[in-house]
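Have a look at model39.cif; it's mmCIF, C-alpha atoms:
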```
data_query
loop_
_atom_site.label_atom_id
_atom_site.label_comp_id
_atom_site.auth_asym_id
_atom_site.auth_seq_id
_atom_site.Cartn_x
_atom_site.Cartn_y
_atom_site.Cartn_z
CA MET A 1 0.00 0.00 0.00
CA LYS A 2 1.35 3.42 -0.95
CA LEU A 3 2.21 5.84 1.85
CA GLN A 4 -0.26 8.41 0.51
CA GLU A 5 -3.05 5.82 0.84
CA VAL A 6 -2.06 5.07 4.44
CA LEU A 7 -1.93 8.79 5.28
CA LYS A 8 -5.02 9.52 3.18
CA SER A 9 -3.26 12.52 1.70
CA ASN A 10 -2.06 13.61 -1.73
CA VAL A 11 0.45 16.11 -0.35
CA GLU A 12 3.91 15.55 -1.82
CA LEU A 13 6.29 14.93 1.08
CA PRO A 14 10.04 15.62 1.06
CA LEU A 15 12.04 12.42 0.43
CA ALA A 16 13.52 12.26 3.95
CA LYS A 17 10.10 12.62 5.59
CA ARG A 18 8.48 10.15 3.17
CA THR A 19 11.24 7.59 3.80
CA SER A 20 11.09 8.05 7.58
CA LEU A 21 7.30 7.74 7.64
CA ASN A 22 7.43 4.65 5.43
CA PHE A 23 9.91 3.10 7.86
CA VAL A 24 7.86 4.01 10.96
CA ILE A 25 4.58 2.76 9.52
CA THR A 26 6.12 -0.48 8.21
CA ASN A 27 7.82 -1.04 11.56
CA LYS A 28 4.49 -0.57 13.33
CA ILE A 29 2.76 -3.11 11.08
CA ILE A 30 5.50 -5.70 11.60
CA ALA A 31 5.63 -5.02 15.35
CA GLU A 32 1.86 -5.57 15.57
CA ALA A 33 2.23 -8.91 13.76
CA TYR A 34 4.87 -9.99 16.29
CA LEU A 35 2.72 -8.76 19.19
CA ALA A 36 -0.28 -10.78 17.99
CA PHE A 37 1.92 -13.83 17.40
CA PHE A 38 3.47 -13.83 20.88
CA LYS A 39 0.15 -13.05 22.56
CA GLN A 40 -1.14 -16.51 21.66
CA TYR A 41 1.69 -17.95 23.79
CA ASP A 42 1.08 -15.49 26.64
CA ILE A 43 4.55 -13.96 26.35
CA SER A 44 5.94 -10.71 24.99
CA GLY A 45 8.60 -10.25 22.34
CA GLN A 46 11.00 -9.15 25.07
CA GLN A 47 10.29 -12.32 27.08
CA TYR A 48 10.90 -14.39 23.95
CA ASN A 49 14.20 -12.54 23.49
CA VAL A 50 15.24 -13.45 27.07
CA LEU A 51 14.34 -17.10 26.49
CA ARG A 52 16.43 -17.19 23.31
CA ILE A 53 19.38 -15.60 25.09
CA LEU A 54 19.15 -18.19 27.86
CA ARG A 55 18.85 -21.06 25.38
CA GLY A 56 22.01 -19.74 23.72
CA GLN A 57 23.82 -20.23 27.03
CA LYS A 58 23.56 -24.01 26.37
CA GLY A 59 22.71 -24.91 29.96
CA LYS A 60 25.04 -22.40 31.58
CA PRO A 61 23.37 -19.78 33.76
CA ALA A 62 23.42 -16.10 32.81
CA ASN A 63 23.32 -13.05 35.04
CA LEU A 64 21.11 -10.00 34.57
CA ALA A 65 23.94 -7.93 33.05
CA THR A 66 24.62 -10.56 30.38
CA ILE A 67 20.94 -10.77 29.46
CA GLN A 68 20.54 -6.98 29.40
CA GLU A 69 23.62 -6.61 27.20
CA ARG A 70 22.22 -9.06 24.61
CA MET A 71 18.64 -7.76 24.62
CA ILE A 72 17.25 -6.27 21.42
CA HIS A 73 15.17 -3.82 23.50
CA LYS A 74 17.94 -2.34 25.65
CA ASN A 75 15.51 -0.29 27.75
CA SER A 76 13.55 -3.33 28.89
CA ASN A 77 13.22 -3.90 32.62
CA THR A 78 15.12 -7.17 32.65
CA THR A 79 14.36 -7.96 36.29
CA ARG A 80 10.63 -7.62 35.67
CA LEU A 81 10.86 -9.78 32.53
CA ILE A 82 12.71 -12.49 34.46
CA ASP A 83 10.15 -12.33 37.29
CA LYS A 84 7.31 -12.90 34.83
CA LEU A 85 9.13 -15.79 33.15
CA ILE A 86 9.75 -17.38 36.57
CA LEU A 87 6.03 -17.16 37.38
CA LYS A 88 5.28 -18.91 34.07
CA GLY A 89 7.83 -21.64 34.82
CA PHE A 90 10.08 -20.83 31.85
CA VAL A 91 13.19 -19.77 33.80
CA GLU A 92 14.70 -20.30 37.25
CA ARG A 93 16.71 -17.86 39.35
CA THR A 94 19.34 -19.05 41.80
CA ILE A 95 22.06 -17.50 43.92
CA CYS A 96 25.59 -18.20 42.71
CA PRO A 97 27.30 -20.51 45.25
CA GLU A 98 30.70 -18.78 44.77
CA ASN A 99 29.35 -15.20 45.03
CA ARG A 100 26.12 -14.86 46.99
CA ARG A 101 25.53 -11.36 45.59
CA LYS A 102 25.36 -12.75 42.04
CA VAL A 103 22.00 -13.96 40.71
CA GLU A 104 22.03 -16.65 38.01
CA ILE A 105 19.18 -17.29 35.58
CA ILE A 106 18.70 -20.50 33.60
CA ILE A 107 16.02 -21.63 31.17
CA THR A 108 13.83 -24.54 32.26
CA LYS A 109 12.65 -27.51 30.22
CA ASN A 110 9.27 -25.75 29.91
CA GLY A 111 11.06 -22.72 28.48
CA LEU A 112 12.97 -24.86 25.99
CA ASP A 113 9.77 -26.67 25.01
CA LEU A 114 8.02 -23.35 24.42
CA LEU A 115 10.83 -22.20 22.14
CA GLU A 116 10.69 -25.49 20.26
CA THR A 117 6.99 -24.89 19.66
CA ILE A 118 7.33 -21.22 18.77
CA ASP A 119 10.42 -21.19 16.55
CA PRO A 120 9.07 -22.90 13.41
CA LYS A 121 5.83 -20.91 13.59
CA LEU A 122 7.72 -17.66 14.06
CA SER A 123 9.94 -18.51 11.08
CA ALA A 124 6.80 -19.05 9.00
CA LEU A 125 5.43 -15.66 10.10
CA GLU A 126 8.70 -13.97 9.18
CA GLU A 127 8.70 -15.67 5.77
CA THR A 128 5.14 -14.44 5.21
CA ILE A 129 6.06 -10.89 6.22
CA MET A 130 9.02 -10.86 3.81
CA GLU A 131 7.21 -12.71 1.01
CA PRO A 132 6.68 -9.58 -1.14
CA LEU A 133 10.46 -9.12 -1.42
CA THR A 134 12.79 -11.07 -3.65
CA LYS A 135 15.92 -12.49 -2.05
CA ASN A 136 17.99 -9.70 -3.62
CA GLU A 137 15.56 -7.04 -2.40
CA ALA A 138 15.69 -8.47 1.12
CA GLU A 139 19.51 -8.46 1.02
CA THR A 140 19.50 -4.86 -0.22
CA LEU A 141 17.01 -3.84 2.45
CA ASN A 142 19.21 -5.40 5.14
CA THR A 143 22.26 -3.56 3.80
CA LEU A 144 20.38 -0.25 3.72
CA LEU A 145 18.94 -0.68 7.22
CA GLU A 146 22.37 -1.55 8.62
CA LYS A 147 23.81 1.49 6.86
CA LEU A 148 21.07 3.70 8.29
CA ARG A 149 21.56 2.25 11.79
CA GLY A 150 25.30 2.80 11.52
CA SER A 151 24.81 6.48 10.73
CA GLN A 152 22.76 6.87 13.92
CA SER A 153 25.41 5.44 16.23
CA GLN A 154 28.08 7.98 15.39
#
```
This structure in structure tokens:
Amino acid sequence: MKLQEVLKSNVELPLAKRTSLNFVITNKIIAEAYLAFFKQYDISGQQYNVLRILRGQKGKPANLATIQERMIHKNSNTTRLIDKLILKGFVERTICPENRRKVEIIITKNGLDLLETIDPKLSALEETIMEPLTKNEAETLNTLLEKLRGSQSQ
């Protein structure tokens, strides 16, 4: 759908504004698809991100700082996310035996099972979202987004 149709306007926008609005609106549509997807599993995208980080630890516990550092949403309240995942039985929190001030978090079997259920369905959703793009277009889009992100970190 053309941006002008979404905005219900025929006003010609400057290229930078048109590009930014296209990005924001597309991001919102994709974010809503993710939100609806995760809602059926009673978790958020941030909680899913934590579970994936913990699975990547391959059975080794992680501390809050490690999880926070690897989060996609850096401003997430990691402690609150962990608390919710504990209540759902997807992670466990223990005190490190060597350093009692250090909290360790590990994914449970229930958490691993949830990821095993979610992952193929999430991959299918992502394929559907990207279906309108050719492989070359998707590669170009990735390159352009990385370039744009890089210009913002300077």
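Picture a line from atom CA of Thr79 of chain A to atom CA of Tyr48 of chain A; it runs 14.3 Å.
The residue that comes closest to Thr108 of chain A, out of A:Gly150, A:Pro61, A:Gly89, A:Gly45 and on the basis of all atoms listed in the file, is A:Gly89.
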>> Would you pick out the contacts of Ile86 of chain A at 12 Å or less, using all atoms listed in the file, so that residues sharing its chain but fewer than 6 positions from it are not included, and give the list as a list in words?
In response: Ile43, Gln47, Val50, Leu51, Thr79, Arg80, Glu92, Arg93, Thr94, Ile105, Ile106, Ile107, Thr108, Asn110 and Gly111 of chain A
> Taking into account all atoms listed in the file, which residue in the set A:Ala33, A:Leu13, A:Leu21, A:Ile72 is nearest to Leu122 of chain A?
Replying inline: A:Ala33
> Selected by the PyMOL selection byres ((chain A and resi 44) around 12) in the shown coordinates: which residues, as a VMD selection string?
Replying inline: chain A and resid 31 to 43 45 to 51 73 76 81 to 82 84 to 85
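Between Asp119 of chain A and the candidates A:Gly59, A:Gln4, A:Asn10, A:Arg52, the tightest atom-to-atom separation, counting only C-alpha atoms, involves A:Arg52.
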Could segment 27-38 of chain A be completed with N, CA, C and O atoms and returned as a PDB file, in the coordinates of the input?
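Saved the output as selection.pdb:
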```
ATOM      1  N   ASN A  27       7.386  -0.492  10.284  1.00  0.00           N
ATOM      2  CA  ASN A  27       7.820  -1.040  11.560  1.00  0.00           C
ATOM      3  C   ASN A  27       6.620  -1.315  12.467  1.00  0.00           C
ATOM      4  O   ASN A  27       6.551  -2.367  13.115  1.00  0.00           O
ATOM      5  N   LYS A  28       5.682  -0.398  12.498  1.00  0.00           N
ATOM      6  CA  LYS A  28       4.490  -0.570  13.330  1.00  0.00           C
ATOM      7  C   LYS A  28       3.674  -1.791  12.887  1.00  0.00           C
ATOM      8  O   LYS A  28       3.235  -2.586  13.715  1.00  0.00           O
ATOM      9  N   ILE A  29       3.518  -1.972  11.608  1.00  0.00           N
ATOM     10  CA  ILE A  29       2.760  -3.110  11.080  1.00  0.00           C
ATOM     11  C   ILE A  29       3.450  -4.426  11.441  1.00  0.00           C
ATOM     12  O   ILE A  29       2.805  -5.374  11.899  1.00  0.00           O
ATOM     13  N   ILE A  30       4.764  -4.479  11.269  1.00  0.00           N
ATOM     14  CA  ILE A  30       5.500  -5.700  11.600  1.00  0.00           C
ATOM     15  C   ILE A  30       5.478  -5.943  13.106  1.00  0.00           C
ATOM     16  O   ILE A  30       5.273  -7.074  13.559  1.00  0.00           O
ATOM     17  N   ALA A  31       5.655  -4.881  13.891  1.00  0.00           N
ATOM     18  CA  ALA A  31       5.630  -5.020  15.350  1.00  0.00           C
ATOM     19  C   ALA A  31       4.267  -5.543  15.823  1.00  0.00           C
ATOM     20  O   ALA A  31       4.202  -6.377  16.731  1.00  0.00           O
ATOM     21  N   GLU A  32       3.190  -5.089  15.206  1.00  0.00           N
ATOM     22  CA  GLU A  32       1.860  -5.570  15.570  1.00  0.00           C
ATOM     23  C   GLU A  32       1.681  -7.048  15.224  1.00  0.00           C
ATOM     24  O   GLU A  32       1.035  -7.794  15.959  1.00  0.00           O
ATOM     25  N   ALA A  33       2.286  -7.487  14.120  1.00  0.00           N
ATOM     26  CA  ALA A  33       2.230  -8.910  13.760  1.00  0.00           C
ATOM     27  C   ALA A  33       2.959  -9.750  14.802  1.00  0.00           C
ATOM     28  O   ALA A  33       2.467 -10.811  15.217  1.00  0.00           O
ATOM     29  N   TYR A  34       4.123  -9.282  15.240  1.00  0.00           N
ATOM     30  CA  TYR A  34       4.870  -9.990  16.290  1.00  0.00           C
ATOM     31  C   TYR A  34       4.078 -10.001  17.595  1.00  0.00           C
ATOM     32  O   TYR A  34       4.006 -11.025  18.266  1.00  0.00           O
ATOM     33  N   LEU A  35       3.495  -8.861  17.952  1.00  0.00           N
ATOM     34  CA  LEU A  35       2.720  -8.760  19.190  1.00  0.00           C
ATOM     35  C   LEU A  35       1.581  -9.769  19.195  1.00  0.00           C
ATOM     36  O   LEU A  35       1.385 -10.505  20.169  1.00  0.00           O
ATOM     37  N   ALA A  36       0.836  -9.838  18.101  1.00  0.00           N
ATOM     38  CA  ALA A  36      -0.280 -10.780  17.990  1.00  0.00           C
ATOM     39  C   ALA A  36       0.234 -12.227  18.046  1.00  0.00           C
ATOM     40  O   ALA A  36      -0.392 -13.099  18.664  1.00  0.00           O
ATOM     41  N   PHE A  37       1.360 -12.477  17.404  1.00  0.00           N
ATOM     42  CA  PHE A  37       1.920 -13.830  17.400  1.00  0.00           C
ATOM     43  C   PHE A  37       2.270 -14.269  18.815  1.00  0.00           C
ATOM     44  O   PHE A  37       1.868 -15.338  19.267  1.00  0.00           O
ATOM     45  N   PHE A  38       3.032 -13.451  19.539  1.00  0.00           N
ATOM     46  CA  PHE A  38       3.470 -13.830  20.880  1.00  0.00           C
ATOM     47  C   PHE A  38       2.323 -13.874  21.879  1.00  0.00           C
ATOM     48  O   PHE A  38       2.369 -14.650  22.838  1.00  0.00           O
TER      49      PHE A  38
END
```
